[in-house]
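> Next comes the structure file work-v1.pdb, holding PDB, C-alpha atoms and all ligand atoms.
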ATOM      1  CA  MET A   1       8.714  77.037 -18.500
ATOM      2  CA  LEU A   2       9.426  73.376 -17.953
ATOM      3  CA  SER A   3      10.125  72.945 -21.647
ATOM      4  CA  LEU A   4      13.073  75.309 -21.260
ATOM      5  CA  LEU A   5      14.620  73.076 -18.650
ATOM      6  CA  LYS A   6      16.257  69.747 -19.201
ATOM      7  CA  ALA A   7      13.404  67.726 -17.760
ATOM      8  CA  ASP A   8      15.302  64.459 -17.412
ATOM      9  CA  LYS A   9      17.910  66.082 -15.202
ATOM     10  CA  MET A  10      15.610  68.385 -13.330
ATOM     11  CA  LEU A  11      13.019  65.815 -12.329
ATOM     12  CA  PRO A  12      15.114  63.786  -9.900
ATOM     13  CA  ALA A  13      16.519  66.909  -8.291
ATOM     14  CA  VAL A  14      13.060  68.406  -7.848
ATOM     15  CA  VAL A  15      11.607  65.218  -6.368
ATOM     16  CA  LYS A  16      14.579  64.903  -4.035
ATOM     17  CA  LEU A  17      14.137  68.485  -2.931
ATOM     18  CA  CYS A  18      10.416  67.980  -2.383
ATOM     19  CA  CYS A  19      11.056  64.798  -0.413
ATOM     20  CA  GLY A  20      13.487  66.676   1.780
ATOM     21  CA  ILE A  21      11.083  69.547   2.412
ATOM     22  CA  SER A  22       8.159  67.253   3.079
ATOM     23  CA  TYR A  23      10.132  64.823   5.237
ATOM     24  CA  PRO A  24       8.351  65.690   8.524
ATOM     25  CA  HIS A  25       5.038  64.997   6.751
ATOM     26  CA  LEU A  26       6.337  61.739   5.305
ATOM     27  CA  ARG A  27       6.687  60.317   8.756
ATOM     28  CA  SER A  28       2.973  60.599   9.327
ATOM     29  CA  MET A  29       1.992  59.315   5.881
ATOM     30  CA  ALA A  30      -0.377  56.435   5.315
ATOM     31  CA  GLY A  31       0.964  53.175   3.831
ATOM     32  CA  LEU A  32      -0.060  53.815   0.234
ATOM     33  CA  GLN A  33       1.485  57.266   0.126
ATOM     34  CA  ARG A  34       4.732  55.993   1.625
ATOM     35  CA  ARG A  35       4.826  53.290  -1.010
ATOM     36  CA  ALA A  36       4.330  55.894  -3.716
ATOM     37  CA  VAL A  37       7.364  57.842  -2.539
ATOM     38  CA  ALA A  38       9.406  54.646  -2.509
ATOM     39  CA  VAL A  39       8.270  53.827  -6.042
ATOM     40  CA  ILE A  40       9.268  57.283  -7.293
ATOM     41  CA  GLY A  41      12.692  56.701  -5.791
ATOM     42  CA  GLN A  42      12.983  53.366  -7.595
ATOM     43  CA  GLU A  43      11.843  54.844 -10.882
ATOM     44  CA  LEU A  44      14.474  57.528 -10.668
ATOM     45  CA  THR A  45      17.104  54.919  -9.944
ATOM     46  CA  HIS A  46      16.133  53.099 -13.114
ATOM     47  CA  LEU A  47      16.464  56.320 -15.097
ATOM     48  CA  GLN A  48      19.817  56.834 -13.473
ATOM     49  CA  ARG A  49      20.936  53.351 -14.421
ATOM     50  CA  LEU A  50      19.875  53.897 -17.991
ATOM     51  CA  GLY A  51      22.212  56.863 -18.066
ATOM     52  CA  GLN A  52      19.490  59.476 -18.308
ATOM     53  CA  VAL A  53      20.331  61.108 -15.022
ATOM     54  CA  GLN A  54      23.723  62.156 -13.808
ATOM     55  CA  SER A  55      24.749  60.956 -10.397
ATOM     56  CA  PRO A  56      27.102  62.869  -8.144
ATOM     57  CA  VAL A  57      30.752  61.848  -8.398
ATOM     58  CA  GLU A  58      31.774  59.528  -5.588
ATOM     59  CA  THR A  59      34.974  60.275  -3.770
ATOM     60  CA  PRO A  60      37.107  57.393  -2.606
ATOM     61  CA  ALA A  61      37.014  56.553   1.066
ATOM     62  CA  VAL A  62      39.740  57.820   3.342
ATOM     63  CA  TRP A  63      40.780  54.994   5.605
ATOM     64  CA  SER A  64      43.265  55.534   8.339
ATOM     65  CA  TYR A  65      43.628  52.113   9.913
ATOM     66  CA  ASN A  66      46.640  49.884   9.260
ATOM     67  CA  GLU A  67      46.916  46.339  10.503
ATOM     68  CA  PRO A  68      50.038  44.176  10.191
ATOM     69  CA  LYS A  69      49.829  41.929   7.135
ATOM     70  CA  LYS A  70      48.795  38.346   7.791
ATOM     71  CA  GLU A  71      49.858  35.266   5.924
ATOM     72  CA  VAL A  72      47.498  34.565   3.043
ATOM     73  CA  THR A  73      46.197  31.062   2.338
ATOM     74  CA  LYS A  74      47.747  29.561  -0.771
ATOM     75  CA  PRO A  75      45.249  29.224  -3.593
ATOM     76  CA  GLU A  76      44.406  25.841  -5.054
ATOM     77  CA  PRO A  77      46.208  25.307  -8.346
ATOM     78  CA  GLY A  78      44.131  26.592 -11.210
ATOM     79  CA  ASN A  79      42.086  28.952  -9.065
ATOM     80  CA  GLU A  80      43.791  32.327  -9.199
ATOM     81  CA  ASP A  81      40.626  34.115  -8.119
ATOM     82  CA  GLN A  82      40.833  32.552  -4.705
ATOM     83  CA  LEU A  83      43.814  34.550  -3.498
ATOM     84  CA  PHE A  84      42.245  37.754  -4.832
ATOM     85  CA  TYR A  85      38.972  37.127  -2.982
ATOM     86  CA  VAL A  86      40.635  36.158   0.301
ATOM     87  CA  GLN A  87      42.824  39.263   0.155
ATOM     88  CA  ARG A  88      39.881  41.534  -0.601
ATOM     89  CA  GLY A  89      37.863  39.977   2.192
ATOM     90  CA  ARG A  90      40.669  40.583   4.655
ATOM     91  CA  GLU A  91      41.154  44.103   3.389
ATOM     92  CA  ALA A  92      37.449  44.868   3.913
ATOM     93  CA  MET A  93      37.577  43.431   7.404
ATOM     94  CA  ARG A  94      40.667  45.508   8.208
ATOM     95  CA  LYS A  95      38.977  48.695   7.027
ATOM     96  CA  ALA A  96      35.789  47.987   8.965
ATOM     97  CA  LEU A  97      37.697  47.105  12.135
ATOM     98  CA  GLY A  98      39.658  50.307  11.688
ATOM     99  CA  ILE A  99      36.418  52.277  11.905
ATOM    100  CA  LEU A 100      35.250  50.297  14.935
ATOM    101  CA  GLU A 101      38.543  51.080  16.647
ATOM    102  CA  ILE A 102      37.830  54.791  16.575
ATOM    103  CA  ASN A 103      36.829  55.533  20.156
ATOM    104  CA  GLU A 104      35.732  59.119  19.967
ATOM    105  CA  GLY A 105      33.282  61.009  17.804
ATOM    106  CA  TRP A 106      30.417  58.515  17.761
ATOM    107  CA  GLN A 107      27.016  60.099  18.040
ATOM    108  CA  VAL A 108      24.361  58.116  19.884
ATOM    109  CA  GLU A 109      21.346  57.596  17.598
ATOM    110  CA  MET A 110      19.151  55.249  19.610
ATOM    111  CA  LYS A 111      19.232  53.711  23.044
ATOM    112  CA  GLU A 112      16.846  50.810  23.573
ATOM    113  CA  LYS A 113      15.389  49.618  26.862
ATOM    114  CA  ASN A 114      17.057  46.244  26.368
ATOM    115  CA  GLY A 115      20.477  47.915  26.336
ATOM    116  CA  ASP A 116      21.067  47.988  22.561
ATOM    117  CA  VAL A 117      22.825  51.166  21.477
ATOM    118  CA  ILE A 118      23.213  52.473  17.956
ATOM    119  CA  SER A 119      25.740  55.193  17.259
ATOM    120  CA  SER A 120      26.830  56.783  14.025
ATOM    121  CA  MET A 121      29.766  58.565  12.535
ATOM    122  CA  VAL A 122      30.419  60.247   9.220
ATOM    123  CA  ILE A 123      33.482  58.802   7.520
ATOM    124  CA  PRO A 124      34.907  60.950   4.703
ATOM    125  CA  GLY A 125      34.072  59.325   1.393
ATOM    126  CA  ALA A 126      32.027  56.492   2.925
ATOM    127  CA  GLY A 127      29.237  58.602   4.381
ATOM    128  CA  LYS A 128      27.367  57.831   7.556
ATOM    129  CA  VAL A 129      28.131  54.475   9.163
ATOM    130  CA  PHE A 130      26.176  52.924  12.021
ATOM    131  CA  ARG A 131      27.427  50.868  14.939
ATOM    132  CA  LEU A 132      25.095  48.637  16.875
ATOM    133  CA  GLU A 133      26.225  47.322  20.259
ATOM    134  CA  ALA A 134      24.213  44.579  21.921
ATOM    135  CA  ILE A 135      24.516  41.672  24.328
ATOM    136  CA  LEU A 136      23.072  38.422  22.997
ATOM    137  CA  GLU A 137      22.126  35.315  24.948
ATOM    138  CA  ALA A 138      24.150  32.959  22.796
ATOM    139  CA  SER A 139      27.630  31.541  22.547
ATOM    140  CA  VAL A 140      30.140  32.706  19.961
ATOM    141  CA  ASP A 141      29.837  29.319  18.209
ATOM    142  CA  GLU A 142      26.049  29.507  17.943
ATOM    143  CA  LEU A 143      26.192  32.998  16.454
ATOM    144  CA  TYR A 144      28.910  32.002  14.005
ATOM    145  CA  ASP A 145      26.744  29.089  12.919
ATOM    146  CA  LEU A 146      23.606  31.213  12.427
ATOM    147  CA  LEU A 147      25.266  34.195  10.790
ATOM    148  CA  PHE A 148      27.957  32.589   8.656
ATOM    149  CA  VAL A 149      27.738  28.810   8.300
ATOM    150  CA  ARG A 150      23.959  28.781   7.790
ATOM    151  CA  VAL A 151      23.725  32.172   6.141
ATOM    152  CA  GLU A 152      21.375  30.816   3.432
ATOM    153  CA  GLU A 153      18.750  30.058   6.104
ATOM    154  CA  MET A 154      18.659  33.626   7.349
ATOM    155  CA  HIS A 155      15.417  34.490   5.513
ATOM    156  CA  LEU A 156      13.670  31.778   7.546
ATOM    157  CA  TRP A 157      14.040  33.745  10.760
ATOM    158  CA  ASN A 158      14.540  37.261   9.451
ATOM    159  CA  PRO A 159      11.615  38.739   7.484
ATOM    160  CA  SER A 160      13.741  41.738   6.426
ATOM    161  CA  ILE A 161      15.655  39.370   4.180
ATOM    162  CA  GLN A 162      14.108  37.706   1.152
ATOM    163  CA  GLN A 163      17.059  35.574   0.192
ATOM    164  CA  VAL A 164      20.739  34.936   0.811
ATOM    165  CA  LYS A 165      22.487  32.723  -1.714
ATOM    166  CA  VAL A 166      26.088  31.565  -1.523
ATOM    167  CA  LEU A 167      27.362  31.856  -5.089
ATOM    168  CA  LYS A 168      30.868  30.662  -4.428
ATOM    169  CA  HIS A 169      32.818  29.084  -1.601
ATOM    170  CA  VAL A 170      36.317  30.489  -1.601
ATOM    171  CA  GLY A 171      37.797  28.258   1.037
ATOM    172  CA  PRO A 172      36.266  27.718   4.479
ATOM    173  CA  GLU A 173      36.494  31.353   5.582
ATOM    174  CA  THR A 174      35.409  33.269   2.496
ATOM    175  CA  ILE A 175      32.206  33.214   0.443
ATOM    176  CA  VAL A 176      30.623  35.229  -2.352
ATOM    177  CA  THR A 177      26.966  35.887  -1.632
ATOM    178  CA  HIS A 178      23.920  37.437  -3.250
ATOM    179  CA  GLU A 179      21.445  38.939  -0.801
ATOM    180  CA  VAL A 180      17.989  40.353  -1.465
ATOM    181  CA  SER A 181      16.242  42.475   1.138
ATOM    182  CA  ALA A 182      12.513  41.992   1.659
ATOM    183  CA  GLU A 183      10.141  44.561   0.231
ATOM    184  CA  THR A 184       9.289  45.809   3.688
ATOM    185  CA  ALA A 185      12.866  46.150   4.944
ATOM    186  CA  GLY A 186      13.676  49.771   5.592
ATOM    187  CA  ASN A 187      10.073  50.885   4.924
ATOM    188  CA  LEU A 188      10.464  53.785   2.525
ATOM    189  CA  ILE A 189      13.468  52.260   0.831
ATOM    190  CA  GLY A 190      12.445  49.836  -1.864
ATOM    191  CA  GLN A 191      13.852  46.367  -2.317
ATOM    192  CA  ARG A 192      17.621  46.127  -2.675
ATOM    193  CA  ASP A 193      20.008  43.398  -3.682
ATOM    194  CA  PHE A 194      23.655  43.054  -2.739
ATOM    195  CA  LEU A 195      26.559  41.150  -4.202
ATOM    196  CA  SER A 196      29.086  40.664  -1.438
ATOM    197  CA  LEU A 197      32.280  39.055  -0.473
ATOM    198  CA  ARG A 198      32.006  37.766   3.103
ATOM    199  CA  HIS A 199      35.053  36.826   5.075
ATOM    200  CA  SER A 200      35.054  35.236   8.495
ATOM    201  CA  CYS A 201      37.712  34.844  11.087
ATOM    202  CA  LYS A 202      36.928  32.502  13.961
ATOM    203  CA  ARG A 203      38.909  32.215  17.150
ATOM    204  CA  LYS A 204      38.022  30.353  20.319
ATOM    205  CA  SER A 205      36.175  33.168  22.053
ATOM    206  CA  GLU A 206      35.659  35.650  19.223
ATOM    207  CA  VAL A 207      34.404  35.812  15.679
ATOM    208  CA  TYR A 208      34.819  38.481  12.998
ATOM    209  CA  LEU A 209      32.440  38.587  10.035
ATOM    210  CA  GLY A 210      33.642  41.074   7.457
ATOM    211  CA  GLY A 211      32.174  41.970   4.106
ATOM    212  CA  THR A 212      32.359  44.222   1.123
ATOM    213  CA  ALA A 213      30.398  44.797  -2.065
ATOM    214  CA  ILE A 214      31.840  43.274  -5.218
ATOM    215  CA  GLU A 215      30.950  43.331  -8.885
ATOM    216  CA  LEU A 216      30.664  40.251 -11.058
ATOM    217  CA  GLU A 217      30.174  40.433 -14.807
ATOM    218  CA  SER A 218      28.320  37.157 -14.603
ATOM    219  CA  PHE A 219      25.888  38.650 -12.077
ATOM    220  CA  PRO A 220      24.734  42.110 -13.176
ATOM    221  CA  PRO A 221      22.027  44.008 -11.254
ATOM    222  CA  GLN A 222      18.719  42.162 -11.558
ATOM    223  CA  ALA A 223      15.682  43.740 -13.215
ATOM    224  CA  GLY A 224      13.312  45.264 -10.680
ATOM    225  CA  CYS A 225      15.907  45.382  -7.930
ATOM    226  CA  VAL A 226      18.251  48.225  -7.092
ATOM    227  CA  ARG A 227      21.807  47.019  -6.517
ATOM    228  CA  ALA A 228      23.027  48.475  -3.226
ATOM    229  CA  GLU A 229      26.493  48.215  -1.735
ATOM    230  CA  ASP A 230      27.268  46.815   1.672
ATOM    231  CA  GLY A 231      30.598  47.462   3.317
ATOM    232  CA  PRO A 232      33.300  47.585   4.268
ATOM    233  CA  THR A 233      31.375  46.105   7.151
ATOM    234  CA  CYS A 234      32.110  43.885  10.093
ATOM    235  CA  ILE A 235      30.342  42.061  12.893
ATOM    236  CA  VAL A 236      32.467  41.383  15.958
ATOM    237  CA  ILE A 237      31.215  38.725  18.370
ATOM    238  CA  LYS A 238      33.055  38.186  21.655
ATOM    239  CA  ALA A 239      32.323  35.853  24.543
ATOM    240  CA  LEU A 240      31.545  37.769  27.713
ATOM    241  CA  ASP A 241      34.017  37.161  30.537
ATOM    242  CA  ARG A 242      33.522  33.742  32.094
ATOM    243  CA  ASP A 243      29.935  33.565  30.847
ATOM    244  CA  THR A 244      30.133  31.733  27.527
ATOM    245  CA  THR A 245      26.362  31.669  27.016
ATOM    246  CA  LYS A 246      26.368  35.413  26.437
ATOM    247  CA  SER A 247      28.229  37.340  23.780
ATOM    248  CA  SER A 248      28.814  40.944  22.946
ATOM    249  CA  PHE A 249      27.691  41.778  19.418
ATOM    250  CA  THR A 250      29.096  44.837  17.637
ATOM    251  CA  TRP A 251      27.960  45.462  14.086
ATOM    252  CA  LEU A 252      29.263  48.147  11.777
ATOM    253  CA  LEU A 253      26.670  48.818   9.098
ATOM    254  CA  ASN A 254      27.893  50.679   6.086
ATOM    255  CA  ILE A 255      25.362  50.543   3.274
ATOM    256  CA  ASP A 256      25.121  52.687   0.190
ATOM    257  CA  VAL A 257      21.454  52.090  -0.681
ATOM    258  CA  LYS A 258      21.875  53.823  -4.082
ATOM    259  CA  GLY A 259      18.998  55.497  -5.864
ATOM    260  CA  TRP A 260      17.580  58.945  -5.340
ATOM    261  CA  LEU A 261      16.486  59.082  -1.751
ATOM    262  CA  PRO A 262      16.813  61.936   0.727
ATOM    263  CA  LYS A 263      19.641  61.275   3.170
ATOM    264  CA  SER A 264      17.319  61.895   6.093
ATOM    265  CA  ILE A 265      15.155  58.928   5.098
ATOM    266  CA  VAL A 266      18.107  56.617   4.518
ATOM    267  CA  ASN A 267      19.759  57.625   7.782
ATOM    268  CA  GLN A 268      16.590  56.752   9.643
ATOM    269  CA  ALA A 269      15.919  53.482   7.854
ATOM    270  CA  LEU A 270      19.388  52.014   8.332
ATOM    271  CA  PRO A 271      19.612  52.077  12.144
ATOM    272  CA  ARG A 272      16.007  50.839  12.252
ATOM    273  CA  ALA A 273      16.899  47.935   9.972
ATOM    274  CA  GLN A 274      19.759  47.163  12.341
ATOM    275  CA  LEU A 275      17.457  47.104  15.371
ATOM    276  CA  GLU A 276      14.964  44.936  13.486
ATOM    277  CA  PHE A 277      17.686  42.500  12.478
ATOM    278  CA  THR A 278      18.812  42.151  16.103
ATOM    279  CA  ARG A 279      15.225  41.726  17.277
ATOM    280  CA  HIS A 280      14.705  38.820  14.861
ATOM    281  CA  LEU A 281      18.035  37.336  15.800
ATOM    282  CA  ARG A 282      17.024  37.368  19.472
ATOM    283  CA  ARG A 283      13.704  35.761  18.641
ATOM    284  CA  ARG A 284      15.493  33.042  16.661
ATOM    285  CA  LEU A 285      17.824  32.439  19.629
ATOM    286  CA  SER A 286      14.893  32.111  22.001
ATOM    287  CA  LEU A 287      13.498  29.264  19.875
ATOM    288  CA  ARG A 288      16.444  26.960  20.527
TER
HETATM  289  C1  LIG B 301      17.240  49.457   4.532
HETATM  290  C2  LIG B 301      17.416  48.443   3.426
HETATM  291  C3  LIG B 301      17.982  49.078   2.203
HETATM  292  C4  LIG B 301      18.256  47.240   3.804
HETATM  293  C5  LIG B 301      17.662  46.450   4.936
HETATM  294  C6  LIG B 301      18.136  45.033   4.992
HETATM  295  C7  LIG B 301      19.595  44.869   5.474
HETATM  296  C8  LIG B 301      19.734  45.374   6.890
HETATM  297  C9  LIG B 301      19.977  43.394   5.312
HETATM  298  C10 LIG B 301      19.817  42.901   3.873
HETATM  299  C11 LIG B 301      20.901  41.827   3.649
HETATM  300  C12 LIG B 301      21.461  41.600   5.028
HETATM  301  C13 LIG B 301      22.814  40.898   5.166
HETATM  302  C14 LIG B 301      22.772  39.517   4.546
HETATM  303  C15 LIG B 301      23.928  38.678   4.914
HETATM  304  C16 LIG B 301      24.740  38.926   5.965
HETATM  305  C17 LIG B 301      25.907  38.003   6.200
HETATM  306  C18 LIG B 301      26.004  37.564   7.642
HETATM  307  O1  LIG B 301      27.217  36.873   7.869
HETATM  308  C19 LIG B 301      25.893  38.730   8.590
HETATM  309  C20 LIG B 301      24.657  39.558   8.333
HETATM  310  C21 LIG B 301      24.541  40.075   6.904
HETATM  311  C22 LIG B 301      25.644  41.087   6.646
HETATM  312  C23 LIG B 301      23.135  40.733   6.670
HETATM  313  C24 LIG B 301      23.005  42.059   7.409
HETATM  314  C25 LIG B 301      21.676  42.749   7.168
HETATM  315  C26 LIG B 301      21.414  42.972   5.686
HETATM  316  C27 LIG B 301      22.440  43.925   5.103
END
Can you present the structure in this file as structure tokens?
Ligand SMILES: CC(C)CCC[C@@H](C)[C@H]1CC[C@H]2[C@@H]3CC=C4C[C@@H](O)CC[C@]4(C)[C@H]3CC[C@]12C

Amino acid sequence: MLSLLKADKMLPAVVKLCCGISYPHLRSMAGLQRRAVAVIGQELTHLQRLGQVQSPVETPAVWSYNEPKKEVTKPEPGNEDQLFYVQRGREAMRKALGILEINEGWQVEMKEKNGDVISSMVIPGAGKVFRLEAILEASVDELYDLLFVRVEEMHLWNPSIQQVKVLKHVGPETIVTHEVSAETAGNLIGQRDFLSLRHSCKRKSEVYLGGTAIELESFPPQAGCVRAEDGPTCIVIKALDRDTTKSSFTWLLNIDVKGWLPKSIVNQALPRAQLEFTRHLRRRLSLR
């Protein structure tokens, strides 16, 4: 009977269906079996990339937020890309902040003993986004330094990250980065790499770190890694009233992990990755 069906198109759908049905069992799986499921997912993604499998059509995001236009830094002569990057970075930040400004409709996903809360919301076209809210024992400046200025050192204190490389400095506030997640990040989800535009905005008592996925012809998806898309995303860090050694940390995570994975697995892995990230960040801060 299988010969009657278009095997290349059926296979991913069948595996996806099976993964969905067996999801409760997956949670209790042993390491090797979990790895096998992840590998199947990666294989299917490769097929998909080779054009053998059709992927569902993506609808553009519907964004409602509108911020007054800011003055854009003049590009250096001979570097027309600069203005484009800065504008895109700001645009991504504006979109992400727009989502964070929505007050109602967030669904609480996890509440940790230490006070960290993760909530989620489904945004038409963008899918499920996650918002982590935490209080960190660090000043705004320290966090800006760790998360933006020294972004390439992040793998040293965060084992979920294999590498962060700054490919291009577009002025002091904007960078183009390539990030590779560690094999273990997100458990069932295999290794991912991201090509992002990261834009920062630093004030005296607050910092905004925005980002969005970009494509570069000179940097196509790497063999063995699935190119995921991060953003529009934003981290908002604000000094707590009077107490400048503590900051509030709000992080909008908006990742399209790509590949054929059941939504239920992705939607569990992402908030977990967010909690993990914050746990490592706290540990790094305690080492000062
Ligand atoms: C579940 C799987 C697919 C992914 C897990 C790893 C995720 C959580 C990792 C991989 C790369 C990481 C990003 C790498 C670089 C930056 C820029 C920095 O200024 C803020 C944090 C931020 C934005 C990281 C957030 C966490 C991140 C997105």
> May I have the protein, DNA and RNA residues with an atom at most 12 Å from (16.0, 46.7, 24.1), counting all atoms listed in the file in the file's coordinates, returned as an mmCIF file with C-alpha atoms, keeping the file's coordinate frame?

data_model
loop_
_atom_site.group_PDB
_atom_site.id
_atom_site.type_symbol
_atom_site.label_atom_id
_atom_site.label_comp_id
_atom_site.auth_asym_id
_atom_site.auth_seq_id
_atom_site.Cartn_x
_atom_site.Cartn_y
_atom_site.Cartn_z
ATOM 1 C CA MET A 110 19.151 55.249 19.610
ATOM 2 C CA LYS A 111 19.232 53.711 23.044
ATOM 3 C CA GLU A 112 16.846 50.810 23.573
ATOM 4 C CA LYS A 113 15.389 49.618 26.862
ATOM 5 C CA ASN A 114 17.057 46.244 26.368
ATOM 6 C CA GLY A 115 20.477 47.915 26.336
ATOM 7 C CA ASP A 116 21.067 47.988 22.561
ATOM 8 C CA VAL A 117 22.825 51.166 21.477
ATOM 9 C CA ILE A 118 23.213 52.473 17.956
ATOM 10 C CA LEU A 132 25.095 48.637 16.875
ATOM 11 C CA GLU A 133 26.225 47.322 20.259
ATOM 12 C CA ALA A 134 24.213 44.579 21.921
ATOM 13 C CA ILE A 135 24.516 41.672 24.328
ATOM 14 C CA LEU A 136 23.072 38.422 22.997
ATOM 15 C CA LEU A 275 17.457 47.104 15.371
ATOM 16 C CA GLU A 276 14.964 44.936 13.486
ATOM 17 C CA THR A 278 18.812 42.151 16.103
ATOM 18 C CA ARG A 279 15.225 41.726 17.277
ATOM 19 C CA ARG A 282 17.024 37.368 19.472
#
> Residues within 7 Å of ligand LIG 301 (chain B), counting all atoms listed in the file: report them as an MDAnalysis selection string.
chainID A and resid 147:148 151 160:161 164 179:181 185:186 189:192 198 209 230 257 269:270 273:274 277
> Between A:Ser196, A:Gln222, A:Ser205, A:Thr174, which residue has the minimum interatomic distance to A:Ile255, considering all atoms listed in the file?
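For A:Ile255, the nearest of the candidates is A:Ser196.
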> Residues proximal to (23.5, 29.6, 28.4) were defined as those with any atom within 8 Å of that point in the file's coordinates, counting all atoms listed in the file. Which are they, as a ChimeraX atom specification?
/A:137-139,243-246
> Smallest atom-to-atom distance to A:Phe130: which of A:Ile99, A:Leu156, A:Ile214, A:Cys201, using all atoms listed in the file?
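Using all atoms listed in the file, the shortest distance to A:Phe130 belongs to A:Ile99.
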> Determine the residue set returned by the PyMOL selection byres (((chain A and resi 81-96) around 6) and not hetatm) for the present structure, and present it as a PDB file with C-alpha atoms, in the coordinates of the input.

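Result saved to part33.pdb:
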ATOM      1  CA  PRO A  75      45.249  29.224  -3.593  1.00  0.00           C
ATOM      2  CA  ASN A  79      42.086  28.952  -9.065  1.00  0.00           C
ATOM      3  CA  GLU A  80      43.791  32.327  -9.199  1.00  0.00           C
ATOM      4  CA  LEU A  97      37.697  47.105  12.135  1.00  0.00           C
ATOM      5  CA  GLY A  98      39.658  50.307  11.688  1.00  0.00           C
ATOM      6  CA  ILE A  99      36.418  52.277  11.905  1.00  0.00           C
ATOM      7  CA  VAL A 170      36.317  30.489  -1.601  1.00  0.00           C
ATOM      8  CA  HIS A 199      35.053  36.826   5.075  1.00  0.00           C
ATOM      9  CA  GLY A 210      33.642  41.074   7.457  1.00  0.00           C
ATOM     10  CA  THR A 212      32.359  44.222   1.123  1.00  0.00           C
ATOM     11  CA  PRO A 232      33.300  47.585   4.268  1.00  0.00           C
ATOM     12  CA  THR A 233      31.375  46.105   7.151  1.00  0.00           C
ATOM     13  CA  CYS A 234      32.110  43.885  10.093  1.00  0.00           C
TER      14      CYS A 234
END
> What's the separation between atom CA of A:Leu281 and atom CA of A:Asn158, in Å to one decimal place?
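Going from atom CA of A:Leu281 over to atom CA of A:Asn158, I get 7.2 Å.
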> Atom CA of A:Leu100 and atom CA of A:Pro262 are how many Å apart?
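Going from atom CA of A:Leu100 over to atom CA of A:Pro262 covers 26.0 Å.
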